>>> print(open('final28.cif').read())   # mmCIF, C-alpha atoms
data_protein
#
loop_
_atom_site.label_atom_id
_atom_site.label_comp_id
_atom_site.auth_asym_id
_atom_site.auth_seq_id
_atom_site.Cartn_x
_atom_site.Cartn_y
_atom_site.Cartn_z
CA MET A 1 -89.25 182.19 -67.04
CA SER A 2 -87.29 182.05 -70.18
CA ALA A 3 -87.12 179.10 -72.39
CA GLU A 4 -83.54 178.59 -71.40
CA GLU A 5 -84.42 178.54 -67.81
CA LYS A 6 -87.26 176.27 -68.50
CA GLY A 7 -84.89 173.98 -70.39
CA ARG A 8 -82.37 174.02 -67.55
CA SER A 9 -85.07 173.36 -65.01
CA TYR A 10 -86.32 170.41 -67.10
CA ILE A 11 -82.81 169.01 -67.42
CA ASP A 12 -82.34 169.30 -63.64
CA VAL A 13 -85.57 167.52 -63.16
CA VAL A 14 -84.53 164.81 -65.57
CA ARG A 15 -81.08 164.69 -63.91
CA ASP A 16 -82.65 164.29 -60.51
CA GLU A 17 -84.97 161.67 -61.81
CA LEU A 18 -82.04 159.90 -63.45
CA ARG A 19 -80.04 160.12 -60.21
CA GLN A 20 -82.93 158.72 -58.25
CA TYR A 21 -83.44 156.11 -60.85
CA THR A 22 -79.75 155.26 -60.75
CA HIS A 23 -79.90 155.03 -56.93
CA SER A 24 -82.92 152.89 -57.11
CA LEU A 25 -81.16 150.71 -59.71
CA LEU A 26 -78.10 150.48 -57.47
CA ARG A 27 -80.29 149.50 -54.50
CA GLU A 28 -82.12 147.05 -56.67
CA ASN A 29 -78.76 145.76 -57.84
CA GLU A 30 -77.65 145.39 -54.22
CA LYS A 31 -80.82 143.49 -53.42
CA LEU A 32 -80.32 141.23 -56.39
CA ARG A 33 -76.68 140.67 -55.42
CA ALA A 34 -77.80 139.73 -51.91
CA MET A 35 -80.48 137.49 -53.35
CA SER A 36 -77.92 135.93 -55.66
CA THR A 37 -75.60 135.27 -52.74
CA ALA A 38 -78.48 133.73 -50.79
CA LEU A 39 -79.44 131.62 -53.76
CA GLU A 40 -75.82 130.55 -54.22
CA SER A 41 -75.77 129.52 -50.61
CA ASP A 42 -79.09 127.66 -51.01
CA LYS A 43 -77.75 125.98 -54.11
CA ARG A 44 -74.63 124.76 -52.26
CA ARG A 45 -76.76 123.56 -49.36
CA LEU A 46 -79.09 121.75 -51.75
CA GLU A 47 -76.14 120.22 -53.56
CA LEU A 48 -74.85 118.93 -50.21
CA GLU A 49 -78.29 117.61 -49.39
CA ILE A 50 -78.42 115.90 -52.76
CA ILE A 51 -75.03 114.31 -52.10
CA GLU A 52 -76.21 113.18 -48.68
CA ALA A 53 -79.45 111.88 -50.19
CA ARG A 54 -77.43 109.98 -52.76
CA ASP A 55 -75.32 108.49 -49.97
CA VAL A 56 -78.47 107.49 -48.14
CA LEU A 57 -79.82 105.99 -51.34
CA ASP A 58 -76.55 104.12 -51.87
CA GLN A 59 -76.64 102.87 -48.30
CA ARG A 60 -80.25 101.86 -48.73
CA GLU A 61 -79.30 99.99 -51.84
CA GLU A 62 -76.47 98.28 -50.00
CA LEU A 63 -78.84 97.38 -47.18
CA ARG A 64 -81.37 96.07 -49.65
CA SER A 65 -78.66 93.95 -51.24
CA ALA A 66 -77.46 92.80 -47.81
CA VAL A 67 -81.01 91.90 -46.80
CA ALA A 68 -81.44 90.02 -50.07
CA SER A 69 -78.23 88.07 -49.53
CA PHE A 70 -79.19 87.48 -45.86
CA ASN A 71 -82.56 86.18 -47.00
CA SER A 72 -80.85 83.98 -49.54
CA ALA A 73 -78.41 82.67 -46.89
CA ARG A 74 -81.31 82.20 -44.47
CA SER A 75 -83.21 80.29 -47.07
CA GLU A 76 -80.15 78.09 -47.73
CA LEU A 77 -79.75 77.54 -43.98
CA LEU A 78 -83.42 76.66 -43.67
CA ASN A 79 -83.00 74.16 -46.48
CA GLU A 80 -79.92 72.73 -44.80
CA LEU A 81 -81.79 72.62 -41.50
CA ALA A 82 -84.65 70.77 -43.13
CA GLY A 83 -82.10 68.36 -44.64
CA ALA A 84 -80.42 67.96 -41.28
CA LYS A 85 -83.81 67.32 -39.67
CA ARG A 86 -84.52 64.65 -42.26
CA GLU A 87 -81.10 63.13 -41.62
CA ARG A 88 -81.70 63.33 -37.87
CA ASP A 89 -85.07 61.62 -38.26
CA GLY A 90 -83.41 58.96 -40.39
CA ALA A 91 -80.61 58.57 -37.84
CA THR A 92 -83.16 58.37 -35.02
CA GLN A 93 -85.02 55.66 -36.87
CA GLU A 94 -81.74 53.84 -37.51
CA LEU A 95 -80.83 54.26 -33.85
CA ASP A 96 -84.21 52.84 -32.81
CA ARG A 97 -83.69 49.95 -35.20
CA LEU A 98 -80.17 49.33 -33.87
CA ARG A 99 -81.43 49.60 -30.28
CA ALA A 100 -84.12 47.05 -30.99
CA LYS A 101 -81.52 44.83 -32.70
CA PHE A 102 -79.14 45.33 -29.75
CA ASP A 103 -81.93 44.32 -27.35
CA ASP A 104 -82.58 41.24 -29.47
CA VAL A 105 -78.87 40.38 -29.51
CA ALA A 106 -78.61 41.04 -25.76
CA GLN A 107 -81.59 38.77 -25.13
CA GLU A 108 -80.11 36.12 -27.38
CA ASN A 109 -76.75 36.52 -25.68
CA GLU A 110 -78.39 36.18 -22.28
CA LYS A 111 -80.12 33.06 -23.53
CA TYR A 112 -76.78 31.65 -24.73
CA VAL A 113 -75.09 32.56 -21.44
CA THR A 114 -77.85 30.78 -19.55
CA GLN A 115 -77.57 27.80 -21.88
CA TYR A 116 -73.77 27.88 -21.52
CA HIS A 117 -74.08 27.83 -17.74
CA GLN A 118 -76.64 25.04 -17.94
CA ILE A 119 -74.35 23.05 -20.23
CA GLU A 120 -71.34 23.69 -18.00
CA HIS A 121 -73.41 22.69 -14.98
CA HIS A 122 -74.65 19.62 -16.80
CA SER A 123 -71.14 18.78 -17.93
CA SER A 124 -69.90 19.18 -14.34
CA ASN A 125 -72.63 16.84 -13.12
CA LEU A 126 -71.79 14.30 -15.80
CA SER A 127 -68.10 14.57 -14.85
CA ASN A 128 -69.02 13.81 -11.24
CA LEU A 129 -71.03 10.77 -12.28
CA TYR A 130 -68.37 9.57 -14.71
CA VAL A 131 -65.56 9.99 -12.19
CA ALA A 132 -67.58 8.20 -9.48
CA SER A 133 -68.44 5.33 -11.79
CA TYR A 134 -64.88 5.09 -13.16
CA GLN A 135 -63.32 5.09 -9.70
CA LEU A 136 -65.74 2.49 -8.33
CA HIS A 137 -64.82 0.05 -11.06
CA SER A 138 -61.12 0.84 -11.26
CA SER A 139 -60.14 -1.78 -8.70
CA VAL A 140 -61.26 -5.18 -7.41
CA ASP A 141 -59.40 -4.70 -4.14
CA ARG A 142 -62.01 -4.58 -1.33
CA ARG A 143 -60.15 -1.96 0.72
CA THR A 144 -59.72 0.29 -2.32
CA VAL A 145 -63.41 -0.03 -3.21
CA LEU A 146 -64.45 0.90 0.35
CA ASP A 147 -62.05 3.87 0.29
CA THR A 148 -63.40 4.94 -3.08
CA ILE A 149 -66.99 4.86 -1.83
CA GLN A 150 -65.98 7.09 1.09
CA GLU A 151 -63.99 9.38 -1.21
CA ILE A 152 -67.02 9.83 -3.44
CA VAL A 153 -69.18 10.78 -0.48
CA VAL A 154 -66.53 13.09 1.00
CA ASN A 155 -65.25 14.73 -2.18
CA LEU A 156 -68.13 14.63 -4.63
CA ILE A 157 -71.16 14.81 -2.36
CA GLY A 158 -69.59 16.78 0.50
CA SER A 159 -69.94 14.98 3.81
CA GLU A 160 -67.18 13.96 6.18
CA GLU A 161 -69.45 11.67 8.14
CA VAL A 162 -70.03 8.44 6.27
CA ALA A 163 -70.27 4.80 7.27
CA ILE A 164 -70.47 1.70 5.13
CA LEU A 165 -72.44 -1.23 6.48
CA GLU A 166 -72.36 -4.77 5.20
CA ALA A 167 -74.77 -7.61 5.89
CA ASP A 168 -73.21 -10.49 7.75
CA ALA A 169 -73.41 -13.57 5.51
CA GLU A 170 -74.47 -15.82 8.38
CA THR A 171 -76.64 -13.67 10.65
CA GLY A 172 -77.84 -11.13 8.13
CA ASP A 173 -77.10 -8.32 10.63
CA PHE A 174 -75.58 -5.14 9.31
CA ARG A 175 -72.13 -4.27 10.65
CA MET A 176 -69.93 -1.28 9.97
CA VAL A 177 -67.00 -2.21 7.69
CA ALA A 178 -65.61 1.25 6.93
CA SER A 179 -66.23 4.76 8.11
CA PHE A 180 -65.02 8.32 7.88
CA GLY A 181 -65.84 10.66 10.77
CA VAL A 182 -68.31 8.17 12.30
CA ASP A 183 -67.64 5.66 15.08
CA ALA A 184 -69.66 2.57 15.91
CA ALA A 185 -71.22 4.13 19.02
CA ARG A 186 -72.57 7.01 17.04
CA LEU A 187 -73.89 4.72 14.35
CA ASN A 188 -75.73 2.64 16.97
CA ARG A 189 -77.13 5.81 18.50
CA ALA A 190 -78.34 6.97 15.11
CA ASN A 191 -79.75 3.54 14.37
CA SER A 192 -81.86 3.53 17.50
CA GLY A 193 -83.02 7.05 16.71
CA HIS A 194 -83.95 6.06 13.20
CA ALA A 195 -85.66 2.73 13.52
CA GLN A 196 -87.63 3.47 10.41
CA ILE A 197 -84.40 4.04 8.54
CA VAL A 198 -83.02 0.65 9.61
CA LYS A 199 -86.19 -0.88 8.27
CA ARG A 200 -85.59 0.98 5.04
CA ILE A 201 -82.18 -0.67 4.68
CA ALA A 202 -83.83 -4.06 4.90
CA ALA A 203 -86.50 -2.90 2.47
CA GLY A 204 -83.79 -1.69 0.12
CA GLU A 205 -85.23 1.81 -0.24
CA LEU A 206 -83.03 4.75 -1.00
CA PHE A 207 -83.58 7.40 1.68
CA ILE A 208 -82.52 11.01 1.15
CA ASP A 209 -83.34 13.92 3.46
CA ASP A 210 -82.75 17.23 1.65
CA VAL A 211 -83.24 19.22 4.83
CA ALA A 212 -81.42 17.03 7.32
CA GLY A 213 -79.91 20.00 9.14
CA ASN A 214 -76.76 20.09 11.24
CA ALA A 215 -77.77 18.10 14.34
CA GLU A 216 -75.05 15.63 15.32
CA ASP A 217 -76.99 12.53 14.34
CA ALA A 218 -78.92 14.10 11.48
CA LEU A 219 -79.15 11.51 8.73
CA THR A 220 -78.75 12.92 5.24
CA ALA A 221 -78.90 9.74 3.19
CA LEU A 222 -79.11 6.03 3.42
CA VAL A 223 -78.11 4.23 0.26
CA PRO A 224 -78.92 0.52 0.16
CA LEU A 225 -76.38 -1.63 -1.67
CA LYS A 226 -78.29 -4.26 -3.56
CA ILE A 227 -77.32 -7.15 -5.81
CA GLU A 228 -80.41 -7.88 -7.77
CA ASP A 229 -83.04 -7.73 -5.00
CA ARG A 230 -80.78 -8.75 -2.14
CA VAL A 231 -79.53 -6.00 0.16
CA ILE A 232 -75.84 -6.65 0.85
CA GLY A 233 -75.11 -3.43 2.69
CA ALA A 234 -75.74 0.29 2.96
CA ILE A 235 -73.98 3.62 2.87
CA VAL A 236 -75.04 5.90 5.72
CA VAL A 237 -74.34 9.60 5.27
CA PHE A 238 -74.74 11.96 8.21
CA ARG A 239 -74.14 15.75 8.22
CA LEU A 240 -73.03 17.58 5.12
CA LEU A 241 -69.96 19.83 5.20
CA GLU A 242 -70.70 23.12 6.90
CA HIS A 243 -70.31 25.21 3.73
CA LYS A 244 -72.47 22.88 1.62
CA GLN A 245 -75.89 24.45 1.19
CA GLY A 246 -78.07 21.35 0.97
CA LEU A 247 -78.19 18.56 -1.57
CA GLN A 248 -78.26 19.27 -5.29
CA PRO A 249 -79.95 17.21 -8.02
CA VAL A 250 -76.55 15.77 -8.96
CA ASP A 251 -76.15 14.49 -5.37
CA HIS A 252 -79.37 12.55 -5.78
CA GLU A 253 -77.97 11.10 -9.01
CA LEU A 254 -74.72 10.21 -7.22
CA PHE A 255 -76.67 8.40 -4.50
CA GLU A 256 -78.58 6.53 -7.20
CA LEU A 257 -75.30 5.68 -8.93
CA LEU A 258 -73.75 4.51 -5.66
CA SER A 259 -76.73 2.29 -4.90
CA VAL A 260 -76.08 0.39 -8.15
CA HIS A 261 -72.35 0.70 -8.86
CA ALA A 262 -70.99 0.66 -5.31
CA SER A 263 -72.86 -2.55 -4.59
CA THR A 264 -71.56 -4.30 -7.73
CA ALA A 265 -68.04 -3.00 -7.12
CA LEU A 266 -68.13 -4.21 -3.53
CA TYR A 267 -69.66 -7.53 -4.53
CA CYS A 268 -66.95 -8.07 -7.20
CA ALA A 269 -64.23 -7.12 -4.72
CA ASN A 270 -65.63 -9.62 -2.20
CA LEU A 271 -65.74 -12.34 -4.87
CA HIS A 272 -62.18 -11.49 -5.86
CA GLU A 273 -61.08 -11.71 -2.23
CA VAL A 274 -62.76 -15.12 -1.83
CA ASN A 275 -61.19 -16.33 -5.07
CA ALA A 276 -57.80 -15.09 -3.94
CA LEU A 277 -58.20 -16.95 -0.62
CA VAL A 278 -59.29 -20.12 -2.44
CA ALA A 279 -56.31 -19.82 -4.74
CA VAL A 280 -53.93 -19.42 -1.78
CA SER A 281 -55.48 -22.32 0.13
CA MET B 1 -48.84 29.74 -27.85
CA LYS B 2 -47.42 29.10 -24.39
CA ARG B 3 -49.34 26.48 -22.46
CA LYS B 4 -49.47 26.89 -18.71
CA LYS B 5 -48.43 24.16 -16.33
CA ILE B 6 -50.60 23.24 -13.35
CA LEU B 7 -49.54 20.95 -10.52
CA LEU B 8 -52.52 19.06 -9.03
CA VAL B 9 -51.87 17.70 -5.56
CA ASP B 10 -54.29 15.36 -3.78
CA ASP B 11 -54.13 11.94 -2.19
CA SER B 12 -57.59 11.17 -3.57
CA ASN B 13 -57.63 9.73 -7.07
CA THR B 14 -61.24 10.81 -7.31
CA ILE B 15 -60.32 14.45 -6.81
CA LEU B 16 -57.31 14.27 -9.13
CA MET B 17 -59.51 12.77 -11.82
CA MET B 18 -62.16 15.46 -11.26
CA GLU B 19 -59.58 18.23 -11.52
CA LYS B 20 -58.12 16.71 -14.69
CA PHE B 21 -61.61 16.45 -16.13
CA ILE B 22 -62.29 20.10 -15.44
CA LEU B 23 -58.96 21.42 -16.71
CA LYS B 24 -57.99 19.04 -19.50
CA ASN B 25 -59.74 21.01 -22.23
CA GLY B 26 -57.96 24.25 -21.32
CA PRO B 27 -54.51 25.27 -22.55
CA TYR B 28 -52.88 23.61 -19.57
CA ASP B 29 -50.33 20.86 -19.05
CA LEU B 30 -51.33 18.93 -15.96
CA ILE B 31 -48.94 17.20 -13.59
CA THR B 32 -49.96 15.41 -10.42
CA ALA B 33 -48.65 14.58 -6.97
CA SER B 34 -50.34 12.51 -4.27
CA ASN B 35 -48.83 14.03 -1.11
CA GLY B 36 -47.11 17.13 0.22
CA GLU B 37 -43.54 15.84 -0.15
CA GLU B 38 -44.08 14.91 -3.77
CA ALA B 39 -45.70 18.29 -4.36
CA VAL B 40 -42.69 20.20 -2.98
CA SER B 41 -40.33 18.08 -5.05
CA LYS B 42 -42.32 18.41 -8.30
CA ALA B 43 -42.85 22.13 -7.77
CA SER B 44 -39.10 22.79 -7.63
CA GLU B 45 -38.38 20.44 -10.55
CA GLN B 46 -41.12 21.53 -12.92
CA ILE B 47 -41.81 25.13 -11.80
CA PRO B 48 -45.55 25.05 -12.55
CA ASP B 49 -47.52 28.24 -13.17
CA LEU B 50 -50.17 27.27 -10.59
CA ILE B 51 -50.60 24.69 -7.86
CA LEU B 52 -53.91 23.20 -6.66
CA LEU B 53 -53.06 21.81 -3.23
CA ASP B 54 -55.14 19.54 -1.00
CA VAL B 55 -54.93 20.24 2.73
CA ILE B 56 -55.08 16.83 4.40
CA MET B 57 -52.66 14.33 2.87
CA PRO B 58 -50.37 11.55 4.08
CA LYS B 59 -46.62 12.17 4.67
CA MET B 60 -46.96 15.94 4.46
CA GLY B 61 -50.12 18.03 4.62
CA GLY B 62 -50.99 20.92 2.31
CA PHE B 63 -50.18 23.73 4.75
CA ASP B 64 -46.64 22.43 5.38
CA ALA B 65 -46.10 21.85 1.67
CA CYS B 66 -47.34 25.39 0.97
CA LYS B 67 -44.88 26.80 3.50
CA LEU B 68 -41.94 24.89 1.97
CA ILE B 69 -42.87 25.92 -1.57
CA ARG B 70 -43.00 29.56 -0.43
CA SER B 71 -39.61 29.28 1.30
CA ASN B 72 -37.90 28.06 -1.89
CA GLU B 73 -36.68 31.00 -3.97
CA THR B 74 -37.51 29.34 -7.30
CA THR B 75 -41.09 28.44 -6.32
CA SER B 76 -41.93 31.24 -3.91
CA ASN B 77 -44.02 33.21 -6.42
CA ILE B 78 -46.17 30.37 -7.77
CA PRO B 79 -49.85 30.98 -7.00
CA ILE B 80 -51.19 28.24 -4.72
CA ILE B 81 -54.91 27.47 -4.48
CA MET B 82 -55.75 25.33 -1.48
CA VAL B 83 -58.46 22.73 -2.12
CA THR B 84 -60.15 22.07 1.19
CA THR B 85 -63.21 20.35 2.60
CA ARG B 86 -63.17 22.85 5.42
CA GLY B 87 -64.14 26.35 4.39
CA GLU B 88 -64.44 27.77 7.87
CA ALA B 89 -62.52 30.92 8.77
CA ALA B 90 -59.88 29.33 11.01
CA ASN B 91 -58.87 26.87 8.31
CA VAL B 92 -58.73 29.56 5.66
CA GLU B 93 -56.68 31.79 8.00
CA THR B 94 -54.16 28.98 8.44
CA GLY B 95 -53.93 28.74 4.68
CA TRP B 96 -53.21 32.47 4.32
CA ALA B 97 -50.68 32.29 7.17
CA ASN B 98 -48.80 29.54 5.32
CA GLY B 99 -48.71 31.55 2.12
CA CYS B 100 -51.57 30.23 0.01
CA THR B 101 -52.95 32.57 -2.62
CA ASP B 102 -56.57 31.44 -2.69
CA TYR B 103 -58.77 28.50 -1.83
CA VAL B 104 -61.67 26.48 -3.16
CA THR B 105 -63.86 24.14 -1.16
CA LYS B 106 -64.80 20.53 -1.83
CA PRO B 107 -66.97 19.30 -3.43
CA ILE B 108 -65.30 21.16 -6.26
CA ASN B 109 -67.56 23.49 -8.20
CA THR B 110 -66.42 23.35 -11.83
CA ILE B 111 -67.36 26.92 -12.67
CA GLU B 112 -65.71 28.30 -9.52
CA LEU B 113 -62.49 26.34 -10.08
CA LEU B 114 -62.25 27.35 -13.74
CA ALA B 115 -62.88 30.99 -12.83
CA LYS B 116 -60.11 30.94 -10.24
CA VAL B 117 -57.63 29.15 -12.49
CA ARG B 118 -58.36 31.63 -15.29
CA SER B 119 -57.97 34.56 -12.92
CA TYR B 120 -54.40 33.43 -12.14
CA LEU B 121 -53.39 32.06 -15.54
CA GLY B 122 -55.48 34.20 -17.86
CA THR B 123 -58.34 33.16 -20.12
CA THR B 124 -57.92 30.72 -22.98
CA GLU B 125 -57.50 33.61 -25.40
CA GLU B 126 -54.95 35.37 -23.20
CA VAL B 127 -52.91 32.25 -22.81
CA ALA B 128 -53.10 31.61 -26.54
CA SER B 129 -51.84 35.08 -27.40
#
>>> encode(input="final28.cif", output="structure tokens")
Amino acid sequence: MSAEEKGRSYIDVVRDELRQYTHSLLRENEKLRAMSTALESDKRRLELEIIEARDVLDQREELRSAVASFNSARSELLNELAGAKRERDGATQELDRLRAKFDDVAQENEKYVTQYHQIEHHSSNLSNLYVASYQLHSSVDRRTVLDTIQEIVVNLIGSEEVAILEADAETGDFRMVASFGVDAARLNRANSGHAQIVKRIAAGELFIDDVAGNAEDALTALVPLKIEDRVIGAIVVFRLLEHKQGLQPVDHELFELLSVHASTALYCANLHEVNALVAVS
Amino acid sequence: MKRKKILLVDDSNTILMMEKFILKNGPYDLITASNGEEAVSKASEQIPDLILLDVIMPKMGGFDACKLIRSNETTSNIPIIMVTTRGEAANVETGWANGCTDYVTKPINTIELLAKVRSYLGTTEEVAS
């Protein structure tokens, strides 16, 4: 083989090698292009992930800030709650103090109400006694005095069965001189049934039966009328009015008052009557 | 301050004196009558705000007086409290039938009478205002 042929053959070989090399370069280039495209795609994906991660970070930051502000608000609320609790405790103590004070005032008020009722009751009793005494001495007319004695028994003590007895100046026997709701027969019946009571008149003892009851001849009180130690008469009180629930302390005082003041009033009225008769004669 | 006028009617001076004693410290002007006729006459003349009327009286009893006071146009609305020794139902019924407004029994209980008077005329403070 000539040198020329050898040269041509060498060139062909080089050409083939170059062609193969070029092909391989082109393939390599294709591979690189594909790799580049893939990398570009990865890059975009990563960029998106970074953006998302940033968003997440931002959100996390926001949450952290929100939690911090929540904690701060919670702390403030806890402080306020503690303050409110202190105020509540203070208010509870104040309430307890006021309740105790209210109880004291209520007790005191109750005491005053009781005292007020006692005073009113006392005043009422004194009124009764004053009125009885005033009325007994408001006249020297015998009839008026006898009526007044009956009125006191009927209206202030509460009995519509009353008789007034007077001792006869000559015989010393007691005879009925005025009555309200009692006739002589009944008085005699009661007298025989209460022999001890008749003795009491003579003895000048005040007799009061607080539980006389409602029997027809039940004797509630026997008030001797005495001038000094001499018995000049008696007031006999039978049943109390139906609605009157027994004798009260003031009734006892009224009987006591009658035993003194009714006798002097009656005695004065009798003297006045005698004087009037003497003057006429 | 408008004082209230109360007509007290009773033939017993003892009761009239008691009633005056009980009521004299209140804001009341007290006038009295001693029987039913006088009560009817004074009620129409003086037009009281309240009448305390006894039941058994001479000339005219409390029930008849109550009836006449109710039949008079000028006095028909005056509250009338009967003051009676007899608190039994029949007696009270007669009082209602003749137009009484309320009743109290003798012996008069001061607290009860004051409470009833105040319930018809108002308390001291109410009368004062």
>>> resolve_selection(input="final28.cif", expression="the PyMOL selection byres ((chain B) within 10 of (chain A))", output="mmCIF file with C-alpha atoms, keeping the file's coordinate frame")
data_model
loop_
_atom_site.group_PDB
_atom_site.id
_atom_site.type_symbol
_atom_site.label_atom_id
_atom_site.label_comp_id
_atom_site.auth_asym_id
_atom_site.auth_seq_id
_atom_site.Cartn_x
_atom_site.Cartn_y
_atom_site.Cartn_z
ATOM 1 C CA SER B 12 -57.590 11.170 -3.570
ATOM 2 C CA ASN B 13 -57.630 9.730 -7.070
ATOM 3 C CA THR B 14 -61.240 10.810 -7.310
ATOM 4 C CA ILE B 15 -60.320 14.450 -6.810
ATOM 5 C CA LEU B 16 -57.310 14.270 -9.130
ATOM 6 C CA MET B 17 -59.510 12.770 -11.820
ATOM 7 C CA MET B 18 -62.160 15.460 -11.260
ATOM 8 C CA GLU B 19 -59.580 18.230 -11.520
ATOM 9 C CA PHE B 21 -61.610 16.450 -16.130
ATOM 10 C CA ILE B 22 -62.290 20.100 -15.440
ATOM 11 C CA THR B 84 -60.150 22.070 1.190
ATOM 12 C CA THR B 85 -63.210 20.350 2.600
ATOM 13 C CA ARG B 86 -63.170 22.850 5.420
ATOM 14 C CA GLY B 87 -64.140 26.350 4.390
ATOM 15 C CA GLU B 88 -64.440 27.770 7.870
ATOM 16 C CA THR B 105 -63.860 24.140 -1.160
ATOM 17 C CA LYS B 106 -64.800 20.530 -1.830
ATOM 18 C CA PRO B 107 -66.970 19.300 -3.430
ATOM 19 C CA ILE B 108 -65.300 21.160 -6.260
ATOM 20 C CA ASN B 109 -67.560 23.490 -8.200
ATOM 21 C CA THR B 110 -66.420 23.350 -11.830
ATOM 22 C CA ILE B 111 -67.360 26.920 -12.670
#
>>> resolve_selection(input="final28.cif", expression="the PyMOL selection byres ((chain B and resi 98) around 9)", output="PyMOL selection string")
chain B and resi 63-68+70+93-97+99-100
>>> atom_distance(input="final28.cif", atom1="atom CA of Glu40 of chain A", atom2="atom CA of Gln20 of chain A")
29.3 Å
>>> atom_distance(input="final28.cif", atom1="atom CA of His252 of chain A", atom2="atom CA of Leu222 of chain A")
11.3 Å
>>> atom_distance(input="final28.cif", atom1="atom CA of Asp11 of chain B", atom2="atom CA of Val274 of chain A")
28.4 Å
>>> resolve_selection(input="final28.cif", expression="the PyMOL selection byres ((chain B and resi 59) around 9)", output="MDAnalysis selection string")
chainID B and resid 35:37 57:58 60:61
>>> closest_residue(input="final28.cif", among="A:Lys6, A:Arg60, A:Arg186, A:His137", to="His261 of chain A", atoms="all atoms listed in the file")
A:His137
>>> axis_aligned_box(input="final28.cif", around="segment 100-113 of chain B", padding_each_side="8 Å", output="AutoDock Vina command-line options")
--center_x -59.6 --center_y 25.9 --center_z -6.3 --size_x 32.0 --size_y 29.3 --size_z 28.7
>>> residues_around(input="final28.cif", residues="segment 49-54 of chain B", least_positions_apart="3", cutoff="7 Å", atoms="all atoms listed in the file", output="ChimeraX atom specification")
/B:4-10,57,62,78-84
>>> residues_around(input="final28.cif", residues="Glu273 of chain A", least_positions_apart="5", cutoff="12 Å", atoms="only C-alpha atoms", output="JSON, numbers by chain")
{"A": [139, 140, 141, 142, 143, 145, 266, 267, 268, 278, 279, 280]}
>>> closest_residue(input="final28.cif", among="B:Leu114, B:Thr101, B:Ser71, B:Asn91", to="Lys20 of chain B", atoms="all atoms listed in the file")
B:Leu114
>>> build_atoms(input="final28.cif", residues="segment 111-124 of chain B", atoms="N, CA and C atoms", output="mmCIF file, in the frame of the given file")
data_model
loop_
_atom_site.group_PDB
_atom_site.id
_atom_site.type_symbol
_atom_site.label_atom_id
_atom_site.label_comp_id
_atom_site.auth_asym_id
_atom_site.auth_seq_id
_atom_site.Cartn_x
_atom_site.Cartn_y
_atom_site.Cartn_z
ATOM 1 N N ILE B 111 -67.377 25.532 -12.198
ATOM 2 C CA ILE B 111 -67.360 26.920 -12.670
ATOM 3 C C ILE B 111 -66.459 27.768 -11.772
ATOM 4 N N GLU B 112 -66.534 27.535 -10.468
ATOM 5 C CA GLU B 112 -65.710 28.300 -9.520
ATOM 6 C C GLU B 112 -64.228 27.997 -9.744
ATOM 7 N N LEU B 113 -63.902 26.708 -9.901
ATOM 8 C CA LEU B 113 -62.490 26.340 -10.080
ATOM 9 C C LEU B 113 -61.938 26.928 -11.374
ATOM 10 N N LEU B 114 -62.715 26.800 -12.459
ATOM 11 C CA LEU B 114 -62.250 27.350 -13.740
ATOM 12 C C LEU B 114 -62.043 28.856 -13.652
ATOM 13 N N ALA B 115 -62.980 29.527 -12.972
ATOM 14 C CA ALA B 115 -62.880 30.990 -12.830
ATOM 15 C C ALA B 115 -61.607 31.352 -12.081
ATOM 16 N N LYS B 116 -61.309 30.613 -11.027
ATOM 17 C CA LYS B 116 -60.110 30.940 -10.240
ATOM 18 C C LYS B 116 -58.839 30.644 -11.023
ATOM 19 N N VAL B 117 -58.818 29.501 -11.703
ATOM 20 C CA VAL B 117 -57.630 29.150 -12.490
ATOM 21 C C VAL B 117 -57.395 30.218 -13.570
ATOM 22 N N ARG B 118 -58.497 30.617 -14.232
ATOM 23 C CA ARG B 118 -58.360 31.630 -15.290
ATOM 24 C C ARG B 118 -57.916 32.965 -14.714
ATOM 25 N N SER B 119 -58.362 33.265 -13.503
ATOM 26 C CA SER B 119 -57.970 34.560 -12.920
ATOM 27 C C SER B 119 -56.477 34.600 -12.623
ATOM 28 N N TYR B 120 -55.848 33.441 -12.401
ATOM 29 C CA TYR B 120 -54.400 33.430 -12.140
ATOM 30 C C TYR B 120 -53.571 33.155 -13.403
ATOM 31 N N LEU B 121 -54.160 32.419 -14.338
ATOM 32 C CA LEU B 121 -53.390 32.060 -15.540
ATOM 33 C C LEU B 121 -53.862 32.776 -16.788
ATOM 34 N N GLY B 122 -54.934 33.522 -16.686
ATOM 35 C CA GLY B 122 -55.480 34.200 -17.860
ATOM 36 C C GLY B 122 -56.494 33.309 -18.538
ATOM 37 N N THR B 123 -57.319 33.933 -19.410
ATOM 38 C CA THR B 123 -58.340 33.160 -20.120
ATOM 39 C C THR B 123 -57.668 32.375 -21.229
ATOM 40 N N THR B 124 -58.446 31.529 -21.873
ATOM 41 C CA THR B 124 -57.920 30.720 -22.980
ATOM 42 C C THR B 124 -57.278 31.625 -24.032
#
